[in-house]
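S.K.: Input structure: data12.pdb, which contains PDB, C-alpha atoms and all ligand atoms.
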```pdb
ATOM      1  CA  MET A  67      26.619 -46.499  96.573
ATOM      2  CA  SER A  68      27.626 -44.667  93.417
ATOM      3  CA  ASP A  69      25.869 -41.409  94.228
ATOM      4  CA  VAL A  70      27.824 -38.200  94.403
ATOM      5  CA  LEU A  71      25.463 -37.126  97.173
ATOM      6  CA  ALA A  72      23.024 -39.296  99.111
ATOM      7  CA  LEU A  73      21.275 -37.421 101.884
ATOM      8  CA  ALA A  74      18.677 -39.354 103.886
ATOM      9  CA  GLY A  75      16.490 -37.683 106.503
ATOM     10  CA  VAL A  76      18.997 -34.894 107.015
ATOM     11  CA  SER A  77      18.102 -32.161 109.518
ATOM     12  CA  VAL A  78      20.218 -29.376 110.950
ATOM     13  CA  VAL A  79      18.963 -27.899 114.211
ATOM     14  CA  ARG A  80      20.437 -24.881 116.004
ATOM     15  CA  GLY A  81      18.832 -24.180 119.377
ATOM     16  CA  ARG A  82      15.136 -24.406 118.619
ATOM     17  CA  THR A  83      15.520 -23.492 114.965
ATOM     18  CA  ARG A  84      15.339 -26.155 112.293
ATOM     19  CA  LEU A  85      17.524 -24.810 109.501
ATOM     20  CA  ILE A  86      16.773 -27.777 107.251
ATOM     21  CA  GLU A  87      14.430 -30.627 108.006
ATOM     22  CA  ASP A  88      14.209 -34.211 106.849
ATOM     23  CA  ILE A  89      15.951 -33.743 103.518
ATOM     24  CA  ASP A  90      16.212 -36.723 101.179
ATOM     25  CA  TRP A  91      18.314 -35.816  98.170
ATOM     26  CA  GLU A  92      20.458 -37.779  95.757
ATOM     27  CA  VAL A  93      22.831 -36.353  93.187
ATOM     28  CA  GLU A  94      24.282 -38.663  90.574
ATOM     29  CA  GLU A  95      27.321 -38.286  88.364
ATOM     30  CA  GLY A  96      26.585 -36.108  85.351
ATOM     31  CA  GLN A  97      23.645 -34.337  86.970
ATOM     32  CA  ARG A  98      23.475 -30.534  87.189
ATOM     33  CA  TRP A  99      21.197 -29.348  90.002
ATOM     34  CA  VAL A 100      19.691 -25.982  90.832
ATOM     35  CA  ILE A 101      18.566 -25.339  94.395
ATOM     36  CA  LEU A 102      15.898 -22.678  94.361
ATOM     37  CA  GLY A 103      14.220 -21.005  97.326
ATOM     38  CA  PRO A 104      13.608 -17.704  99.107
ATOM     39  CA  ASN A 105      16.020 -16.106 101.578
ATOM     40  CA  GLY A 106      16.271 -18.137 104.777
ATOM     41  CA  ALA A 107      14.987 -21.329 103.138
ATOM     42  CA  GLY A 108      18.082 -23.264 104.230
ATOM     43  CA  LYS A 109      19.905 -23.358 100.898
ATOM     44  CA  THR A 110      23.309 -22.375 102.301
ATOM     45  CA  THR A 111      22.880 -24.808 105.189
ATOM     46  CA  LEU A 112      22.191 -27.609 102.712
ATOM     47  CA  LEU A 113      25.378 -26.745 100.794
ATOM     48  CA  GLU A 114      27.344 -26.603 104.054
ATOM     49  CA  VAL A 115      26.343 -30.212 104.686
ATOM     50  CA  ALA A 116      26.965 -31.237 101.057
ATOM     51  CA  SER A 117      30.439 -29.679 101.163
ATOM     52  CA  ALA A 118      31.364 -31.540 104.377
ATOM     53  CA  ARG A 119      31.563 -28.311 106.348
ATOM     54  CA  MET A 120      28.599 -28.993 108.627
ATOM     55  CA  HIS A 121      27.336 -32.217 110.171
ATOM     56  CA  PRO A 122      23.645 -33.068 110.177
ATOM     57  CA  THR A 123      21.929 -33.059 113.577
ATOM     58  CA  LYS A 124      19.844 -35.981 112.325
ATOM     59  CA  GLY A 125      19.995 -38.233 109.300
ATOM     60  CA  VAL A 126      22.806 -39.533 107.127
ATOM     61  CA  ALA A 127      24.850 -37.542 104.622
ATOM     62  CA  GLY A 128      26.645 -39.661 102.049
ATOM     63  CA  ILE A 129      29.202 -37.650 100.097
ATOM     64  CA  LEU A 130      31.320 -39.201  97.327
ATOM     65  CA  ASP A 131      30.859 -42.699  98.684
ATOM     66  CA  GLU A 132      31.845 -41.651 102.184
ATOM     67  CA  VAL A 133      29.583 -41.020 105.145
ATOM     68  CA  LEU A 134      29.914 -37.715 106.962
ATOM     69  CA  GLY A 135      30.979 -38.447 110.531
ATOM     70  CA  ALA A 136      32.915 -41.583 109.514
ATOM     71  CA  VAL A 137      35.459 -39.917 107.228
ATOM     72  CA  ASP A 138      38.290 -37.422 107.578
ATOM     73  CA  VAL A 139      36.648 -34.256 106.183
ATOM     74  CA  PHE A 140      40.076 -32.862 105.318
ATOM     75  CA  GLU A 141      40.459 -35.679 102.810
ATOM     76  CA  LEU A 142      36.935 -35.229 101.495
ATOM     77  CA  ARG A 143      36.930 -31.444 101.021
ATOM     78  CA  PRO A 144      39.557 -31.279  98.226
ATOM     79  CA  ARG A 145      37.258 -33.572  96.193
ATOM     80  CA  ILE A 146      34.562 -30.889  96.348
ATOM     81  CA  GLY A 147      34.840 -27.523  94.593
ATOM     82  CA  LEU A 148      33.009 -24.757  96.420
ATOM     83  CA  VAL A 149      32.142 -21.211  95.352
ATOM     84  CA  SER A 150      30.610 -19.191  98.180
ATOM     85  CA  ALA A 151      30.666 -15.667  99.549
ATOM     86  CA  LEU A 152      32.013 -16.973 102.865
ATOM     87  CA  LEU A 153      34.968 -18.609 101.136
ATOM     88  CA  ALA A 154      35.567 -15.521  98.960
ATOM     89  CA  ARG A 155      35.879 -13.366 102.073
ATOM     90  CA  GLN A 156      38.789 -15.530 103.202
ATOM     91  CA  ILE A 157      40.798 -14.724 100.082
ATOM     92  CA  PRO A 158      43.337 -11.992 100.908
ATOM     93  CA  ALA A 159      42.740  -8.863  98.779
ATOM     94  CA  ARG A 160      46.481  -8.593  98.113
ATOM     95  CA  GLU A 161      46.788 -12.123  96.795
ATOM     96  CA  ASN A 162      47.800 -12.511  93.194
ATOM     97  CA  VAL A 163      44.968 -13.992  91.054
ATOM     98  CA  ARG A 164      47.097 -16.890  89.805
ATOM     99  CA  ASP A 165      47.920 -17.772  93.408
ATOM    100  CA  VAL A 166      44.222 -17.603  94.364
ATOM    101  CA  VAL A 167      43.646 -20.430  91.893
ATOM    102  CA  VAL A 168      46.809 -22.457  92.489
ATOM    103  CA  THR A 169      46.488 -22.479  96.297
ATOM    104  CA  ALA A 170      43.237 -24.467  95.935
ATOM    105  CA  SER A 171      45.329 -27.567  95.298
ATOM    106  CA  TRP A 172      46.502 -27.256  98.886
ATOM    107  CA  GLY A 173      43.082 -26.425 100.313
ATOM    108  CA  VAL A 174      44.298 -23.120 101.670
ATOM    109  CA  THR A 175      43.765 -19.457 100.961
ATOM    110  CA  GLY A 176      46.785 -17.194 101.250
ATOM    111  CA  ARG A 177      50.114 -18.283  99.866
ATOM    112  CA  TRP A 178      52.682 -19.044 102.474
ATOM    113  CA  ARG A 179      55.325 -21.714 102.357
ATOM    114  CA  GLU A 180      53.725 -24.197 100.011
ATOM    115  CA  ARG A 181      55.623 -25.093  96.889
ATOM    116  CA  TYR A 182      53.781 -25.551  93.667
ATOM    117  CA  ASP A 183      55.092 -27.288  90.628
ATOM    118  CA  ASP A 184      54.838 -26.155  87.040
ATOM    119  CA  LEU A 185      51.926 -28.491  86.342
ATOM    120  CA  ASP A 186      49.853 -26.747  88.963
ATOM    121  CA  HIS A 187      50.630 -23.374  87.446
ATOM    122  CA  ASP A 188      49.830 -24.613  83.944
ATOM    123  CA  ARG A 189      46.493 -25.931  85.146
ATOM    124  CA  ALA A 190      45.707 -22.658  86.943
ATOM    125  CA  ASP A 191      46.492 -20.723  83.757
ATOM    126  CA  GLU A 192      44.279 -23.043  81.684
ATOM    127  CA  LEU A 193      41.379 -22.624  84.073
ATOM    128  CA  LEU A 194      41.748 -18.833  84.126
ATOM    129  CA  GLU A 195      41.820 -18.947  80.334
ATOM    130  CA  SER A 196      38.650 -21.074  80.186
ATOM    131  CA  MET A 197      36.872 -18.561  82.407
ATOM    132  CA  GLY A 198      38.051 -15.655  80.242
ATOM    133  CA  VAL A 199      40.251 -14.080  82.922
ATOM    134  CA  ALA A 200      43.746 -15.224  81.905
ATOM    135  CA  HIS A 201      44.752 -11.576  81.390
ATOM    136  CA  LEU A 202      44.117 -10.911  85.096
ATOM    137  CA  GLY A 203      46.594 -13.519  86.375
ATOM    138  CA  GLU A 204      49.085 -11.024  87.745
ATOM    139  CA  ARG A 205      46.513  -8.653  89.252
ATOM    140  CA  THR A 206      45.623  -8.818  92.940
ATOM    141  CA  PHE A 207      42.237 -10.306  93.858
ATOM    142  CA  GLY A 208      41.162  -7.119  95.641
ATOM    143  CA  THR A 209      41.433  -5.024  92.476
ATOM    144  CA  LEU A 210      39.003  -7.190  90.461
ATOM    145  CA  SER A 211      35.377  -6.372  89.702
ATOM    146  CA  GLU A 212      32.721  -8.557  91.311
ATOM    147  CA  GLY A 213      32.152 -10.413  88.039
ATOM    148  CA  GLU A 214      35.869 -11.051  87.558
ATOM    149  CA  ARG A 215      36.127 -12.309  91.140
ATOM    150  CA  LYS A 216      33.327 -14.800  90.578
ATOM    151  CA  ARG A 217      35.031 -16.167  87.471
ATOM    152  CA  VAL A 218      38.327 -16.517  89.365
ATOM    153  CA  GLN A 219      36.484 -18.345  92.143
ATOM    154  CA  VAL A 220      35.004 -20.817  89.670
ATOM    155  CA  ALA A 221      38.506 -21.423  88.265
ATOM    156  CA  ARG A 222      39.783 -21.950  91.810
ATOM    157  CA  ALA A 223      36.961 -24.382  92.608
ATOM    158  CA  LEU A 224      37.868 -26.465  89.531
ATOM    159  CA  MET A 225      41.604 -26.501  90.342
ATOM    160  CA  THR A 226      41.550 -29.767  92.316
ATOM    161  CA  ASP A 227      39.575 -31.483  89.527
ATOM    162  CA  PRO A 228      36.709 -32.078  91.966
ATOM    163  CA  GLU A 229      34.059 -34.778  91.625
ATOM    164  CA  LEU A 230      31.405 -32.374  92.911
ATOM    165  CA  MET A 231      31.134 -28.625  92.477
ATOM    166  CA  LEU A 232      28.853 -26.517  94.665
ATOM    167  CA  LEU A 233      28.050 -22.876  93.912
ATOM    168  CA  ASP A 234      26.165 -20.725  96.437
ATOM    169  CA  GLU A 235      24.503 -17.800  94.650
ATOM    170  CA  PRO A 236      27.411 -17.277  92.232
ATOM    171  CA  ALA A 237      25.554 -14.545  90.323
ATOM    172  CA  ALA A 238      24.579 -12.489  93.388
ATOM    173  CA  GLY A 239      25.695  -8.879  93.118
ATOM    174  CA  LEU A 240      26.625  -9.053  89.436
ATOM    175  CA  ASP A 241      25.373  -6.528  86.884
ATOM    176  CA  LEU A 242      23.379  -7.749  83.899
ATOM    177  CA  GLY A 243      26.442  -8.269  81.693
ATOM    178  CA  GLY A 244      28.344 -10.019  84.473
ATOM    179  CA  ARG A 245      25.394 -12.270  85.225
ATOM    180  CA  GLU A 246      24.838 -13.234  81.613
ATOM    181  CA  ASP A 247      28.536 -13.943  81.126
ATOM    182  CA  LEU A 248      28.709 -16.141  84.231
ATOM    183  CA  VAL A 249      25.456 -17.975  83.438
ATOM    184  CA  ALA A 250      26.737 -18.760  79.919
ATOM    185  CA  ARG A 251      30.071 -20.033  81.276
ATOM    186  CA  LEU A 252      28.325 -22.212  83.857
ATOM    187  CA  GLY A 253      26.109 -23.485  81.034
ATOM    188  CA  ASP A 254      29.249 -24.462  79.100
ATOM    189  CA  ILE A 255      30.679 -26.276  82.129
ATOM    190  CA  ALA A 256      27.316 -28.045  82.565
ATOM    191  CA  ALA A 257      27.480 -29.255  78.942
ATOM    192  CA  ASP A 258      30.980 -30.670  79.426
ATOM    193  CA  LEU A 259      30.649 -34.405  80.043
ATOM    194  CA  THR A 260      33.964 -34.445  81.892
ATOM    195  CA  ALA A 261      32.827 -31.729  84.306
ATOM    196  CA  PRO A 262      32.018 -32.657  87.911
ATOM    197  CA  ALA A 263      28.453 -33.065  89.154
ATOM    198  CA  LEU A 264      27.162 -29.538  89.722
ATOM    199  CA  THR A 265      24.851 -27.926  92.248
ATOM    200  CA  MET A 266      24.062 -24.239  92.098
ATOM    201  CA  VAL A 267      22.005 -22.277  94.610
ATOM    202  CA  THR A 268      19.990 -19.264  93.509
ATOM    203  CA  HIS A 269      16.737 -17.477  94.222
ATOM    204  CA  HIS A 270      16.251 -16.298  90.643
ATOM    205  CA  VAL A 271      15.046 -18.619  87.862
ATOM    206  CA  GLU A 272      16.733 -16.166  85.449
ATOM    207  CA  GLU A 273      20.090 -17.417  86.764
ATOM    208  CA  ILE A 274      19.499 -21.070  85.897
ATOM    209  CA  PRO A 275      22.211 -21.834  83.317
ATOM    210  CA  PRO A 276      21.529 -23.828  80.144
ATOM    211  CA  ASN A 277      22.129 -27.573  80.360
ATOM    212  CA  PHE A 278      21.130 -27.854  84.027
ATOM    213  CA  THR A 279      19.129 -31.043  84.538
ATOM    214  CA  ASP A 280      17.389 -31.066  87.918
ATOM    215  CA  VAL A 281      15.913 -28.735  90.513
ATOM    216  CA  LEU A 282      15.306 -28.902  94.250
ATOM    217  CA  LEU A 283      12.819 -26.340  95.579
ATOM    218  CA  LEU A 284      13.283 -25.435  99.228
ATOM    219  CA  ARG A 285      11.046 -23.473 101.583
ATOM    220  CA  GLY A 286      11.321 -23.170 105.379
ATOM    221  CA  GLY A 287      14.014 -25.839 105.476
ATOM    222  CA  ARG A 288      11.839 -28.409 103.727
ATOM    223  CA  VAL A 289      11.787 -29.761 100.196
ATOM    224  CA  VAL A 290       8.763 -28.477  98.262
ATOM    225  CA  ALA A 291       9.566 -30.542  95.168
ATOM    226  CA  GLN A 292      12.573 -32.060  93.429
ATOM    227  CA  GLY A 293      13.299 -33.780  90.158
ATOM    228  CA  PRO A 294      14.035 -33.149  86.481
ATOM    229  CA  LEU A 295      13.891 -29.436  85.655
ATOM    230  CA  GLU A 296      11.244 -29.633  82.889
ATOM    231  CA  LEU A 297       8.862 -31.617  85.080
ATOM    232  CA  THR A 298       9.523 -29.976  88.417
ATOM    233  CA  LEU A 299      10.001 -26.283  87.669
ATOM    234  CA  THR A 300       6.302 -25.505  87.267
ATOM    235  CA  GLU A 301       4.289 -22.383  88.137
ATOM    236  CA  GLU A 302       2.541 -24.331  90.857
ATOM    237  CA  ASN A 303       5.749 -25.530  92.534
ATOM    238  CA  LEU A 304       7.374 -22.118  92.191
ATOM    239  CA  ALA A 305       4.307 -20.427  93.707
ATOM    240  CA  ARG A 306       4.434 -22.812  96.687
ATOM    241  CA  THR A 307       8.148 -22.192  97.127
ATOM    242  CA  PHE A 308       7.913 -18.395  97.102
ATOM    243  CA  ASP A 309       4.363 -18.216  98.547
ATOM    244  CA  MET A 310       3.242 -15.977  95.717
ATOM    245  CA  ASP A 311       1.208 -16.279  92.546
ATOM    246  CA  LEU A 312       3.859 -16.368  89.830
ATOM    247  CA  GLU A 313       3.995 -16.435  86.082
ATOM    248  CA  LEU A 314       6.811 -18.644  84.811
ATOM    249  CA  GLN A 315       8.150 -18.485  81.278
ATOM    250  CA  ARG A 316      10.627 -20.594  79.421
ATOM    251  CA  HIS A 317      12.751 -18.971  76.720
ATOM    252  CA  GLY A 318      14.602 -21.789  74.984
ATOM    253  CA  ASP A 319      17.148 -22.933  77.548
ATOM    254  CA  ARG A 320      16.520 -20.054  79.977
ATOM    255  CA  TRP A 321      13.697 -19.112  82.371
ATOM    256  CA  SER A 322      12.022 -16.022  83.802
ATOM    257  CA  ALA A 323       9.365 -15.415  86.464
ATOM    258  CA  ARG A 324       7.311 -12.506  87.766
ATOM    259  CA  ALA A 325       4.298 -11.914  89.982
ATOM    260  CA  ARG A 326       1.005 -12.534  88.224
ATOM    261  CA  THR A 327      -0.928  -9.292  88.067
TER     262      THR A 327
HETATM  263  N1  LIG A 401      23.669 -20.811 113.607
HETATM  264  C1  LIG A 401      22.372 -20.516 113.406
HETATM  265  N2  LIG A 401      21.505 -20.493 114.453
HETATM  266  C2  LIG A 401      20.190 -20.215 114.261
HETATM  267  N3  LIG A 401      19.653 -19.934 113.063
HETATM  268  C3  LIG A 401      20.463 -19.938 111.991
HETATM  269  C4  LIG A 401      21.859 -20.219 112.087
HETATM  270  N4  LIG A 401      22.403 -20.159 110.848
HETATM  271  C5  LIG A 401      21.378 -19.848 110.008
HETATM  272  N5  LIG A 401      20.222 -19.712 110.696
HETATM  273  C6  LIG A 401      18.900 -19.441 110.134
HETATM  274  O1  LIG A 401      18.525 -20.583 109.380
HETATM  275  C7  LIG A 401      17.777 -20.222 108.248
HETATM  276  C8  LIG A 401      18.396 -20.803 106.988
HETATM  277  O2  LIG A 401      19.597 -20.139 106.695
HETATM  278  P1  LIG A 401      20.395 -20.326 105.324
HETATM  279  O3  LIG A 401      20.728 -21.762 105.160
HETATM  280  O4  LIG A 401      21.521 -19.373 105.322
HETATM  281  O5  LIG A 401      19.283 -19.917 104.248
HETATM  282  P2  LIG A 401      19.430 -19.409 102.733
HETATM  283  O6  LIG A 401      20.807 -19.683 102.266
HETATM  284  O7  LIG A 401      18.380 -20.180 101.990
HETATM  285  O8  LIG A 401      19.106 -17.945 102.720
HETATM  286  C9  LIG A 401      17.713 -18.706 108.243
HETATM  287  O9  LIG A 401      16.468 -18.317 108.772
HETATM  288  C10 LIG A 401      18.857 -18.307 109.144
HETATM  289  O10 LIG A 401      18.588 -17.079 109.797
HETATM  290 MG    MG A 402      22.240 -18.511 101.488
END
```
How does the structure come out when it is put into structure tokens?
M.R.:
Amino acid sequence: MSDVLALAGVSVVRGRTRLIEDIDWEVEEGQRWVILGPNGAGKTTLLEVASARMHPTKGVAGILDEVLGAVDVFELRPRIGLVSALLARQIPARENVRDVVVTASWGVTGRWRERYDDLDHDRADELLESMGVAHLGERTFGTLSEGERKRVQVARALMTDPELMLLDEPAAGLDLGGREDLVARLGDIAADLTAPALTMVTHHVEEIPPNFTDVLLLRGGRVVAQGPLELTLTEENLARTFDMDLELQRHGDRWSARART
């Protein structure tokens, strides 16, 4: 198995609710996936499984050549970079931005007794630089704008040099400038052949960065369609996903959609 992710028949059930159902999904090295679907579709649940934070109720989740349930998740998690609102809430507001990034190499938030060497700090500085936030290194996380926080989180997620990077609605809550900046930066990461396999969750086609390769459309916990972006992101599939007649437009390497009137 050389897949970054290999999910077969994966379901997550809570009480009588099926959060995701019978998901087959494979992510290979070099691929850049978008997961698209309405609120409540199960997108976050799918990322929770893919990031080794939740076990499937049914099915098999292969992650980085390991099988969830037969591997120490604390060894697996540092190999996966995650950007999510849940994780961001665990970052102390008073933590120094440089420390927010450097502590990722220890899989912790909040600096305590860990000791970091110069190499770690150099790498953290490089990553902050690449995300255009090097000048914020000495600020505290709590004083940053939402857009700046997102860029710091991406830098943090890359700190461990992960083999897989998962982003759950990274552009949510950003203003137009912040969104465009983040989408462009994610597009640059996607173009980088040395970058990890990427998966980004969104419910807006406008947030799909350039250079993304594949899409998985999710509705009611089930896969509506999946495959290469140009073939799979169609008006018909989008309409089925959002249960609405939609007009989809492509603008070079970006997309937009609106209700057909
Ligand atoms: N622990 C839980 N128990 C029952 N239902 C849940 C639980 N967690 C999430 N859900 C429900 O599962 C569905 C999918 O949630 P989620 O994966 O967060 O969707 P998305 O990220 O696409 O908005 C939602 O309807 C949500 O309310
Ligand atoms: Mg979600």
S.K.: So which residues touch segment 296-300 of chain A within 8 Å, counting only C-alpha atoms, skipping near sequence neighbours fewer than 5 positions away, as a list in words?
M.R.: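 With the cut-off at 8 Å, the set is Asp280, Val281, Ala291 and Leu314 of chain A.
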S.K.: Hey, which residues sit close to ligand LIG 401 (chain A)? Say within 7 Å, counting all atoms listed in the file, and write them as a ChimeraX atom specification.
M.R.: /A:80-81,83,85,103-112,287
S.K.: Could you give me, as a VMD selection string, the residues within 10 Å of Gly243 of chain A, counting all atoms listed in the file and dropping anything in the same chain fewer than 5 positions from it?
M.R.: chain A and resid 213 248 to 249
S.K.: Can you measure atom CA of Asp319 of chain A to atom CA of Ala257 of chain A for me? One decimal in Å is fine.
M.R.: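 Those two atoms sit 12.2 Å apart.
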S.K.: For ligand MG 402 (chain A), which of A:Ala154, A:Val163, A:Gly239, A:Leu113 is the closest residue, counting only C-alpha atoms and all ligand atoms?
M.R.: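 Ranking A:Ala154, A:Val163, A:Gly239, A:Leu113 by distance to ligand MG 402 (chain A), first place goes to A:Leu113.
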S.K.: So, counting all atoms listed in the file, which residue among A:Leu148, A:Leu282, A:Leu102, A:Leu153 is closest to Met225 of chain A?
M.R.: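 Among the listed residues, the smallest separation from Met225 of chain A belongs to A:Leu148.
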S.K.: Taking only C-alpha atoms and all ligand atoms into account, which of A:Glu132, A:Glu114, A:Glu229, A:Asp88 comes nearest ligand MG 402 (chain A)?
M.R.: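 Closest residue, counting only C-alpha atoms and all ligand atoms: A:Glu114.
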S.K.: What does the distance between atom CA of Leu312 of chain A and atom CA of Ser77 of chain A come to in Å, to one decimal place?
M.R.: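 That distance, rounded to one decimal, is 29.0 Å.
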S.K.: Using the chain letters and numbering of this document, enumerate as a PyMOL selection string the residues selected by the PyMOL selection byres (((chain A and resi 144) around 10) and not hetatm).
M.R.: chain A and resi 117+139-143+145-148+170-173+223+225-230
S.K.: Suppose a student applies the PyMOL selection byres (((chain A and resi 74) around 8) and not hetatm) to this structure; what residues should they get, written as an mmCIF file with C-alpha atoms, in the frame of the given file?
M.R.:
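Written out: result28.cif:
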```cif
data_model
loop_
_atom_site.group_PDB
_atom_site.id
_atom_site.type_symbol
_atom_site.label_atom_id
_atom_site.label_comp_id
_atom_site.auth_asym_id
_atom_site.auth_seq_id
_atom_site.Cartn_x
_atom_site.Cartn_y
_atom_site.Cartn_z
ATOM 1 C CA ALA A 72 23.024 -39.296 99.111
ATOM 2 C CA LEU A 73 21.275 -37.421 101.884
ATOM 3 C CA GLY A 75 16.490 -37.683 106.503
ATOM 4 C CA VAL A 76 18.997 -34.894 107.015
ATOM 5 C CA ASP A 88 14.209 -34.211 106.849
ATOM 6 C CA ILE A 89 15.951 -33.743 103.518
ATOM 7 C CA ASP A 90 16.212 -36.723 101.179
ATOM 8 C CA TRP A 91 18.314 -35.816 98.170
ATOM 9 C CA GLY A 125 19.995 -38.233 109.300
ATOM 10 C CA VAL A 126 22.806 -39.533 107.127
ATOM 11 C CA ALA A 127 24.850 -37.542 104.622
#
```
S.K.: Would you mind reading off the distance between atom CA of Lys124 of chain A and atom CA of Asp138 of chain A, one decimal, in Å?
M.R.: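 Computing the Euclidean distance for atom CA of Lys124 of chain A and atom CA of Asp138 of chain A yields 19.1 Å.
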S.K.: Give the answer as one residue: which of A:His269, A:Arg320, A:Arg217, A:Ala116 has the shortest atom-to-atom distance to Phe308 of chain A, using only C-alpha atoms?
M.R.: A:His269
